[in-house]
$ cat coords.txt   # compact mmCIF, C-alpha atoms
# COMPACT_ATOMS: atom_id res chain seq x y z
CA MET K 162 135.64 124.27 125.01
CA PRO K 163 133.22 123.24 122.27
CA THR K 164 134.45 122.20 118.88
CA ASP K 165 133.76 124.65 116.06
CA GLN K 166 135.33 123.78 112.74
CA ARG K 167 134.59 127.05 111.04
CA CYS K 168 137.63 128.59 109.39
CA CYS K 169 139.79 131.11 111.23
CA LEU K 170 142.21 133.56 109.67
CA VAL K 171 145.41 134.50 111.52
CA LEU K 172 146.47 138.11 110.99
CA GLY K 173 150.26 138.26 111.23
CA GLY K 174 152.83 135.55 110.58
CA GLY K 175 155.63 136.21 113.08
CA GLY K 176 156.77 134.13 116.03
CA HIS K 177 153.62 134.71 118.06
CA ALA K 178 151.58 133.20 115.23
CA ARG K 179 153.13 129.83 116.12
CA VAL K 180 151.64 130.05 119.61
CA VAL K 181 148.27 131.18 118.25
CA ILE K 182 148.12 128.29 115.78
CA ASP K 183 149.27 125.78 118.39
CA CYS K 184 146.47 126.97 120.71
CA LEU K 185 143.92 126.79 117.88
CA LEU K 186 144.92 123.22 117.03
CA ALA K 187 145.06 122.09 120.66
CA SER K 188 141.69 123.60 121.52
CA GLY K 189 139.92 122.39 118.38
CA ILE K 190 137.73 125.50 118.44
CA ALA K 191 138.37 126.38 114.79
CA LYS K 192 140.52 125.42 111.83
CA PRO K 193 143.39 127.81 110.99
CA GLN K 194 142.64 128.38 107.31
CA GLY K 195 145.60 130.61 106.56
CA ILE K 196 147.78 133.51 107.63
CA LEU K 197 148.00 137.02 106.21
CA ASP K 198 151.12 139.12 106.67
CA ALA K 199 152.23 142.49 105.31
CA SER K 200 155.72 141.21 104.46
CA PRO K 201 155.93 139.84 100.87
CA ARG K 202 159.00 137.80 101.78
CA LEU K 203 156.80 135.57 103.94
CA TRP K 204 154.17 134.91 101.28
CA GLY K 205 154.17 131.29 100.18
CA THR K 206 155.85 130.06 103.37
CA GLU K 207 154.17 128.21 106.24
CA VAL K 208 153.86 128.42 110.01
CA LEU K 209 153.17 125.01 111.55
CA ASP K 210 151.90 123.83 108.16
CA VAL K 211 149.48 126.76 107.86
CA PRO K 212 150.19 128.75 104.68
CA ILE K 213 150.91 132.47 104.59
CA LEU K 214 148.58 133.36 101.76
CA GLY K 215 149.46 137.00 101.14
CA GLY K 216 148.80 140.46 102.52
CA ASP K 217 145.93 142.02 104.42
CA GLU K 218 144.20 143.02 101.20
CA MET K 219 143.08 139.38 100.86
CA ILE K 220 140.72 139.56 103.85
CA ALA K 221 137.66 140.49 101.79
CA GLN K 222 138.30 137.68 99.28
CA LEU K 223 138.73 135.07 102.00
CA ALA K 224 135.56 136.27 103.72
CA ARG K 225 133.66 135.69 100.46
CA GLU K 226 135.14 132.19 100.36
CA GLY K 227 133.68 131.36 103.75
CA VAL K 228 136.20 132.48 106.38
CA THR K 229 134.20 134.00 109.23
CA LEU K 230 136.64 134.25 112.14
CA PHE K 231 140.01 135.82 112.84
CA ILE K 232 142.58 136.20 115.58
CA VAL K 233 145.61 138.46 115.68
CA GLY K 234 148.88 136.55 115.25
CA VAL K 235 151.22 139.44 116.03
CA GLY K 236 152.73 139.57 119.50
CA ALA K 237 154.07 142.66 121.25
CA VAL K 238 157.00 143.71 123.37
CA GLY K 239 155.82 147.07 124.64
CA ASP K 240 153.95 148.54 121.67
CA ASN K 241 150.52 146.96 121.29
CA GLY K 242 149.49 149.42 118.59
CA PRO K 243 150.10 147.02 115.67
CA ARG K 244 147.91 144.40 117.36
CA GLN K 245 145.14 146.91 117.83
CA ARG K 246 145.31 148.02 114.20
CA LEU K 247 145.07 144.43 112.92
CA PHE K 248 142.18 143.72 115.28
CA GLU K 249 140.27 146.73 114.02
CA LEU K 250 141.07 145.81 110.42
CA GLY K 251 139.61 142.32 110.83
CA ILE K 252 136.41 143.73 112.32
CA SER K 253 136.13 146.40 109.62
CA ARG K 254 136.23 143.66 106.97
CA GLY K 255 133.29 141.83 108.54
CA LEU K 256 135.13 139.03 110.35
CA THR K 257 134.38 137.99 113.92
CA PRO K 258 137.24 137.95 116.47
CA LEU K 259 137.76 134.52 118.01
CA SER K 260 138.83 133.99 121.63
CA VAL K 261 141.10 130.99 122.07
CA ARG K 262 142.12 129.12 125.22
CA HIS K 263 144.80 126.44 125.27
CA PRO K 264 143.52 123.31 127.07
CA SER K 265 146.18 123.69 129.77
CA ALA K 266 145.08 127.22 130.65
CA VAL K 267 142.81 127.61 133.70
CA CYS K 268 139.98 130.11 133.49
CA SER K 269 137.40 130.51 136.25
CA SER K 270 133.78 130.13 135.26
CA SER K 271 133.15 133.51 136.88
CA ALA K 272 135.81 135.26 134.81
CA THR K 273 135.00 136.89 131.47
CA VAL K 274 137.19 136.87 128.38
CA GLY K 275 136.64 139.37 125.58
CA ALA K 276 136.55 138.84 121.84
CA GLY K 277 139.80 137.92 120.13
CA SER K 278 141.76 137.26 123.32
CA LEU K 279 144.26 134.42 123.79
CA LEU K 280 144.94 132.38 126.93
CA CYS K 281 148.25 130.62 126.32
CA PRO K 282 149.50 127.33 127.80
CA GLY K 283 149.53 127.29 131.60
CA ALA K 284 147.89 130.69 132.00
CA VAL K 285 145.61 131.17 135.01
CA VAL K 286 142.67 133.59 135.09
CA ASN K 287 140.99 133.48 138.47
CA ALA K 288 137.53 134.23 139.84
CA GLY K 289 135.85 137.45 138.80
CA ALA K 290 138.67 138.59 136.53
CA VAL K 291 137.70 140.56 133.44
CA ILE K 292 139.80 140.15 130.30
CA GLY K 293 139.10 142.65 127.53
CA GLY K 294 139.25 142.17 123.79
CA ASN K 295 142.39 141.29 121.83
CA VAL K 296 144.34 140.61 125.03
CA ILE K 297 147.23 138.15 125.38
CA ILE K 298 147.55 136.28 128.67
CA ASN K 299 150.81 134.57 127.82
CA SER K 300 152.25 131.23 128.89
CA GLY K 301 152.27 130.69 132.65
CA ALA K 302 150.94 134.15 133.48
CA ILE K 303 148.68 134.48 136.53
CA VAL K 304 145.79 136.93 136.62
CA GLU K 305 144.34 136.76 140.11
CA HIS K 306 140.77 137.33 141.25
CA GLU K 307 138.99 140.55 140.29
CA CYS K 308 141.75 141.83 138.04
CA VAL K 309 140.70 143.88 135.00
CA ILE K 310 142.78 143.69 131.83
CA GLU K 311 141.63 146.26 129.30
CA ASP K 312 141.56 145.87 125.50
CA HIS K 313 144.76 145.21 123.52
CA ALA K 314 146.93 144.67 126.62
CA HIS K 315 149.57 141.94 126.97
CA VAL K 316 150.42 140.11 130.19
CA ALA K 317 153.65 138.36 129.21
CA SER K 318 154.94 134.92 130.10
CA GLY K 319 155.24 134.19 133.82
CA ALA K 320 153.93 137.57 134.96
CA VAL K 321 151.87 137.60 138.17
CA LEU K 322 149.08 140.07 138.86
CA ALA K 323 147.86 139.89 142.44
CA SER K 324 144.20 140.52 143.19
CA ALA K 325 142.23 143.49 141.85
CA VAL K 326 144.99 144.83 139.61
CA ARG K 327 143.85 146.95 136.65
CA VAL K 328 145.95 146.90 133.47
CA GLY K 329 145.06 149.73 131.12
CA ARG K 330 144.27 149.65 127.44
CA GLY K 331 147.28 148.71 125.33
CA ALA K 332 149.59 148.28 128.33
CA HIS K 333 152.34 145.65 128.54
CA VAL K 334 153.35 143.72 131.66
CA GLY K 335 156.71 142.10 130.93
CA ALA K 336 157.82 138.52 131.39
CA GLY K 337 158.20 137.49 135.01
CA ALA K 338 156.98 140.83 136.38
CA THR K 339 154.91 141.00 139.58
CA VAL K 340 152.24 143.59 140.35
CA ARG K 341 151.02 144.04 143.93
CA GLN K 342 147.31 143.76 144.66
CA GLY K 343 144.99 146.66 144.02
CA LEU K 344 147.35 148.66 141.80
CA SER K 345 146.71 150.13 138.38
CA ILE K 346 148.94 150.04 135.31
CA GLY K 347 148.00 152.97 133.09
CA GLU K 348 147.06 152.97 129.43
CA ALA K 349 149.97 152.08 127.11
CA ALA K 350 152.34 151.78 130.08
CA ILE K 351 155.18 149.24 130.00
CA VAL K 352 156.30 147.18 132.98
CA GLY K 353 159.75 145.76 132.26
CA ALA K 354 160.57 142.08 132.51
CA GLY K 355 161.13 140.94 136.09
CA ALA K 356 159.97 144.23 137.61
CA VAL K 357 158.16 144.28 140.96
CA VAL K 358 155.46 146.95 140.94
CA VAL K 359 154.56 148.29 144.40
CA LYS K 360 152.83 151.55 143.41
CA PRO K 361 150.57 152.64 140.54
CA VAL K 362 152.11 153.15 137.10
CA GLU K 363 150.96 156.19 135.15
CA ALA K 364 149.77 156.01 131.56
CA GLY K 365 152.52 156.02 128.95
CA THR K 366 155.25 155.32 131.51
CA VAL K 367 158.00 152.67 131.37
CA VAL K 368 158.99 151.19 134.73
CA VAL K 369 161.76 148.70 135.48
CA GLY K 370 163.54 147.12 138.42
CA VAL K 371 162.90 145.87 141.95
CA PRO K 372 161.04 147.77 143.19
CA ALA K 373 159.86 149.19 139.87
CA ARG K 374 160.93 152.76 139.15
CA GLU K 375 160.21 155.07 136.27
CA LEU K 376 162.68 154.77 133.40
CA LYS K 377 161.04 157.11 130.90
CA ARG K 378 157.79 158.48 129.58
CA LEU K 379 156.64 157.56 126.13
CA SER K 380 155.80 160.21 123.58
CA THR K 381 152.24 158.92 123.23
CA ALA K 382 150.19 157.59 126.12
CA GLY K 383 147.76 155.52 124.15
CA THR K 384 147.23 153.17 121.26
CA GLY K 385 144.73 155.27 119.42
$ encode --input "coords.txt" --output "structure tokens"
Amino acid sequence: MPTDQRCCLVLGGGGHARVVIDCLLASGIAKPQGILDASPRLWGTEVLDVPILGGDEMIAQLAREGVTLFIVGVGAVGDNGPRQRLFELGISRGLTPLSVRHPSAVCSSSATVGAGSLLCPGAVVNAGAVIGGNVIINSGAIVEHECVIEDHAHVASGAVLASAVRVGRGAHVGAGATVRQGLSIGEAAIVGAGAVVVKPVEAGTVVVGVPARELKRLSTAGTG
């Protein structure tokens, strides 16, 4: 991945921000200039020596000072709505979303990765896969050939998607889950950790277990 030492802003200073910053530093694609977070109690602290400068209202000021790039530093366990809102905020303030790949991640040259997405350590994205924007492919996750991961989705650590799986917008595939080939996970659906999915999952549905079964339906079947 080519070196680009433009400045990158991280939106969100929680635990996932540590992974984002580690991937930025390891890849060398951009310099993490600072972090913005809505929580005043975090202002003035640091994440991996990167300062939390203040709240989201500082985006415009930092853009004037030369920051051109951003990536979302908020993770998600089920609800990807906050990630989507931060992503849209960064774009609305004139910043460009940066896609980041840790050097240990494997991404086929025939795969495509959308703006603002993160491939974490040990992730595998195989031939012909399509990764949307603002997607997390977390540590050790496997996205097999011809899978489609739509915008704002999260494939959590150690999850395995067999070939031609489609993960809908804002959906979450939990840690260690397995999804059989050719299946679809609907928009804003949640696949619980360790679940084995052997049939399609409807939008806004939570499934758990082996084999995966419906646990509940969410009140909203989308992330906006």
$ atom_distance --input "coords.txt" --atom1 "CA of Asn287 in chain K" --atom2 "CA of Cys168 in chain K"
29.7 Å
$ residues_around --input "coords.txt" --residues "range 187-192 of chain K" --least-positions-apart "4" --cutoff "12 Å" --atoms "all atoms listed in the file" --output "number ranges by chain"
K: 162-171, 180-183, 196, 211, 228-232, 258-266, 279-282
$ residues_around --input "coords.txt" --residues "Ser253 in chain K" --least-positions-apart "2" --cutoff "12 Å" --atoms "only C-alpha atoms" --output "list in words"
Asp217, Ile220, Ala221, Ala224, Phe231, Arg246, Leu247, Phe248, Glu249, Leu250, Gly251, Gly255, Leu256, Thr257 and Pro258 of chain K
$ atom_distance --input "coords.txt" --atom1 "CA of Pro361 in chain K" --atom2 "CA of Ser345 in chain K"
5.1 Å
$ residues_near_point --input "coords.txt" --point "(149.2, 134.1, 107.2)" --cutoff "10 Å" --atoms "all atoms listed in the file" --output "PyMOL selection string"
chain K and resi 170-175+178+193-199+203-208+211-217+234
$ atom_distance --input "coords.txt" --atom1 "CA of Ala290 in chain K" --atom2 "CA of His306 in chain K"
5.3 Å
$ residues_around --input "coords.txt" --residues "range 321-323 of chain K" --least-positions-apart "4" --cutoff "6 Å" --atoms "all atoms listed in the file" --output "PyMOL selection string"
chain K and resi 302-305+339-342
$ write_last_selection --input "coords.txt" --atoms "C-alpha atoms" --output "PDB file, in the coordinates of the input"
ATOM      1  CA  ALA K 302     150.940 134.150 133.480  1.00  0.00           C
ATOM      2  CA  ILE K 303     148.680 134.480 136.530  1.00  0.00           C
ATOM      3  CA  VAL K 304     145.790 136.930 136.620  1.00  0.00           C
ATOM      4  CA  GLU K 305     144.340 136.760 140.110  1.00  0.00           C
ATOM      5  CA  THR K 339     154.910 141.000 139.580  1.00  0.00           C
ATOM      6  CA  VAL K 340     152.240 143.590 140.350  1.00  0.00           C
ATOM      7  CA  ARG K 341     151.020 144.040 143.930  1.00  0.00           C
ATOM      8  CA  GLN K 342     147.310 143.760 144.660  1.00  0.00           C
TER       9      GLN K 342
END
$ residues_around --input "coords.txt" --residues "Leu376 in chain K" --least-positions-apart "6" --cutoff "7 Å" --atoms "all atoms listed in the file" --output "list in words"
Val367, Val368 and Val369 of chain K
$ residues_near_point --input "coords.txt" --point "(135.8, 132.0, 135.1)" --cutoff "10 Å" --atoms "all atoms listed in the file" --output "ChimeraX atom specification"
/K:267-274,285-291,306
$ closest_residue --input "coords.txt" --among "K:Ala325, K:Val233, K:His313, K:Arg254" --to "Met219 in chain K" --atoms "all atoms listed in the file"
K:Arg254
$ closest_residue --input "coords.txt" --among "K:Ile310, K:Ala317, K:Val328, K:Leu223" --to "Ala284 in chain K" --atoms "only C-alpha atoms"
K:Ala317
$ residues_around --input "coords.txt" --residues "Gly365 in chain K" --least-positions-apart "2" --cutoff "6 Å" --atoms "all atoms listed in the file" --output "compact mmCIF listing (two decimals) with C-alpha atoms, keeping the file's coordinate frame"
# COMPACT_ATOMS: atom_id res chain seq x y z
CA ALA K 349 149.97 152.08 127.11
CA ALA K 350 152.34 151.78 130.08
CA ARG K 378 157.79 158.48 129.58
CA LEU K 379 156.64 157.56 126.13
CA ALA K 382 150.19 157.59 126.12
$ closest_residue --input "coords.txt" --among "K:Val362, K:Ala320, K:Val334, K:Leu344" --to "Glu307 in chain K" --atoms "only C-alpha atoms"
K:Leu344
$ closest_residue --input "coords.txt" --among "K:Arg244, K:His177, K:Arg225, K:Arg374" --to "Ala332 in chain K" --atoms "only C-alpha atoms"
K:Arg244
$ closest_residue --input "coords.txt" --among "K:Pro372, K:Gly343, K:Gly355, K:Gly293" --to "Gly331 in chain K" --atoms "all atoms listed in the file"
K:Gly293
$ build_atoms --input "coords.txt" --residues "range 328-351 of chain K" --atoms "N, CA, C and O atoms" --output "JSON list (two decimals), in the coordinates of the input"
[["chain", "number", "residue", "atom", "x", "y", "z"],
["K", 328, "VAL", "N", 144.96, 146.64, 134.52],
["K", 328, "VAL", "CA", 145.95, 146.90, 133.47],
["K", 328, "VAL", "C", 145.25, 147.66, 132.36],
["K", 328, "VAL", "O", 144.28, 147.18, 131.78],
["K", 329, "GLY", "N", 145.74, 148.85, 132.05],
["K", 329, "GLY", "CA", 145.06, 149.73, 131.12],
["K", 329, "GLY", "C", 145.16, 149.30, 129.67],
["K", 329, "GLY", "O", 145.98, 148.44, 129.29],
["K", 330, "ARG", "N", 144.36, 149.92, 128.88],
["K", 330, "ARG", "CA", 144.27, 149.65, 127.44],
["K", 330, "ARG", "C", 145.65, 149.76, 126.79],
["K", 330, "ARG", "O", 146.36, 150.75, 126.92],
["K", 331, "GLY", "N", 146.03, 148.70, 126.07],
["K", 331, "GLY", "CA", 147.28, 148.71, 125.33],
["K", 331, "GLY", "C", 148.54, 148.63, 126.17],
["K", 331, "GLY", "O", 149.65, 148.79, 125.64],
["K", 332, "ALA", "N", 148.41, 148.37, 127.46],
["K", 332, "ALA", "CA", 149.59, 148.28, 128.33],
["K", 332, "ALA", "C", 150.28, 146.92, 128.16],
["K", 332, "ALA", "O", 149.71, 145.96, 127.65],
["K", 333, "HIS", "N", 151.54, 146.88, 128.63],
["K", 333, "HIS", "CA", 152.34, 145.65, 128.54],
["K", 333, "HIS", "C", 152.96, 145.38, 129.90],
["K", 333, "HIS", "O", 153.64, 146.24, 130.46],
["K", 334, "VAL", "N", 152.72, 144.17, 130.42],
["K", 334, "VAL", "CA", 153.35, 143.72, 131.66],
["K", 334, "VAL", "C", 154.36, 142.65, 131.27],
["K", 334, "VAL", "O", 153.99, 141.59, 130.78],
["K", 335, "GLY", "N", 155.65, 142.94, 131.47],
["K", 335, "GLY", "CA", 156.71, 142.10, 130.93],
["K", 335, "GLY", "C", 156.85, 140.75, 131.59],
["K", 335, "GLY", "O", 156.30, 140.47, 132.67],
["K", 336, "ALA", "N", 157.62, 139.89, 130.94],
["K", 336, "ALA", "CA", 157.82, 138.52, 131.39],
["K", 336, "ALA", "C", 158.37, 138.49, 132.81],
["K", 336, "ALA", "O", 159.33, 139.19, 133.15],
["K", 337, "GLY", "N", 157.73, 137.68, 133.65],
["K", 337, "GLY", "CA", 158.20, 137.49, 135.01],
["K", 337, "GLY", "C", 157.97, 138.65, 135.95],
["K", 337, "GLY", "O", 158.43, 138.63, 137.09],
["K", 338, "ALA", "N", 157.26, 139.68, 135.52],
["K", 338, "ALA", "CA", 156.98, 140.83, 136.38],
["K", 338, "ALA", "C", 155.90, 140.46, 137.42],
["K", 338, "ALA", "O", 155.10, 139.54, 137.21],
["K", 339, "THR", "N", 155.90, 141.18, 138.52],
["K", 339, "THR", "CA", 154.91, 141.00, 139.58],
["K", 339, "THR", "C", 154.28, 142.34, 139.91],
["K", 339, "THR", "O", 154.99, 143.34, 140.06],
["K", 340, "VAL", "N", 152.96, 142.37, 140.01],
["K", 340, "VAL", "CA", 152.24, 143.59, 140.35],
["K", 340, "VAL", "C", 151.44, 143.35, 141.63],
["K", 340, "VAL", "O", 150.64, 142.42, 141.70],
["K", 341, "ARG", "N", 151.69, 144.17, 142.64],
["K", 341, "ARG", "CA", 151.02, 144.04, 143.93],
["K", 341, "ARG", "C", 149.52, 144.29, 143.81],
["K", 341, "ARG", "O", 149.07, 145.01, 142.92],
["K", 342, "GLN", "N", 148.77, 143.71, 144.72],
["K", 342, "GLN", "CA", 147.31, 143.76, 144.66],
["K", 342, "GLN", "C", 146.81, 145.20, 144.70],
["K", 342, "GLN", "O", 147.36, 146.06, 145.36],
["K", 343, "GLY", "N", 145.71, 145.41, 143.97],
["K", 343, "GLY", "CA", 144.99, 146.66, 144.02],
["K", 343, "GLY", "C", 145.60, 147.80, 143.24],
["K", 343, "GLY", "O", 145.05, 148.91, 143.25],
["K", 344, "LEU", "N", 146.68, 147.58, 142.52],
["K", 344, "LEU", "CA", 147.35, 148.66, 141.80],
["K", 344, "LEU", "C", 146.81, 148.78, 140.38],
["K", 344, "LEU", "O", 146.19, 147.87, 139.84],
["K", 345, "SER", "N", 147.09, 149.92, 139.76],
["K", 345, "SER", "CA", 146.71, 150.13, 138.38],
["K", 345, "SER", "C", 147.95, 150.38, 137.53],
["K", 345, "SER", "O", 148.89, 151.06, 137.95],
["K", 346, "ILE", "N", 147.92, 149.81, 136.33],
["K", 346, "ILE", "CA", 148.94, 150.04, 135.31],
["K", 346, "ILE", "C", 148.24, 150.86, 134.22],
["K", 346, "ILE", "O", 147.29, 150.39, 133.61],
["K", 347, "GLY", "N", 148.71, 152.06, 133.97],
["K", 347, "GLY", "CA", 148.00, 152.97, 133.09],
["K", 347, "GLY", "C", 148.02, 152.57, 131.63],
["K", 347, "GLY", "O", 148.79, 151.69, 131.20],
["K", 348, "GLU", "N", 147.17, 153.22, 130.86],
["K", 348, "GLU", "CA", 147.06, 152.97, 129.43],
["K", 348, "GLU", "C", 148.42, 153.09, 128.75],
["K", 348, "GLU", "O", 149.17, 154.04, 128.98],
["K", 349, "ALA", "N", 148.75, 152.11, 127.91],
["K", 349, "ALA", "CA", 149.97, 152.08, 127.11],
["K", 349, "ALA", "C", 151.25, 152.11, 127.93],
["K", 349, "ALA", "O", 152.33, 152.36, 127.39],
["K", 350, "ALA", "N", 151.15, 151.86, 129.25],
["K", 350, "ALA", "CA", 152.34, 151.78, 130.08],
["K", 350, "ALA", "C", 153.08, 150.47, 129.80],
["K", 350, "ALA", "O", 152.50, 149.51, 129.28],
["K", 351, "ILE", "N", 154.36, 150.44, 130.17],
["K", 351, "ILE", "CA", 155.18, 149.24, 130.00],
["K", 351, "ILE", "C", 155.84, 148.92, 131.33],
["K", 351, "ILE", "O", 156.56, 149.76, 131.90]]
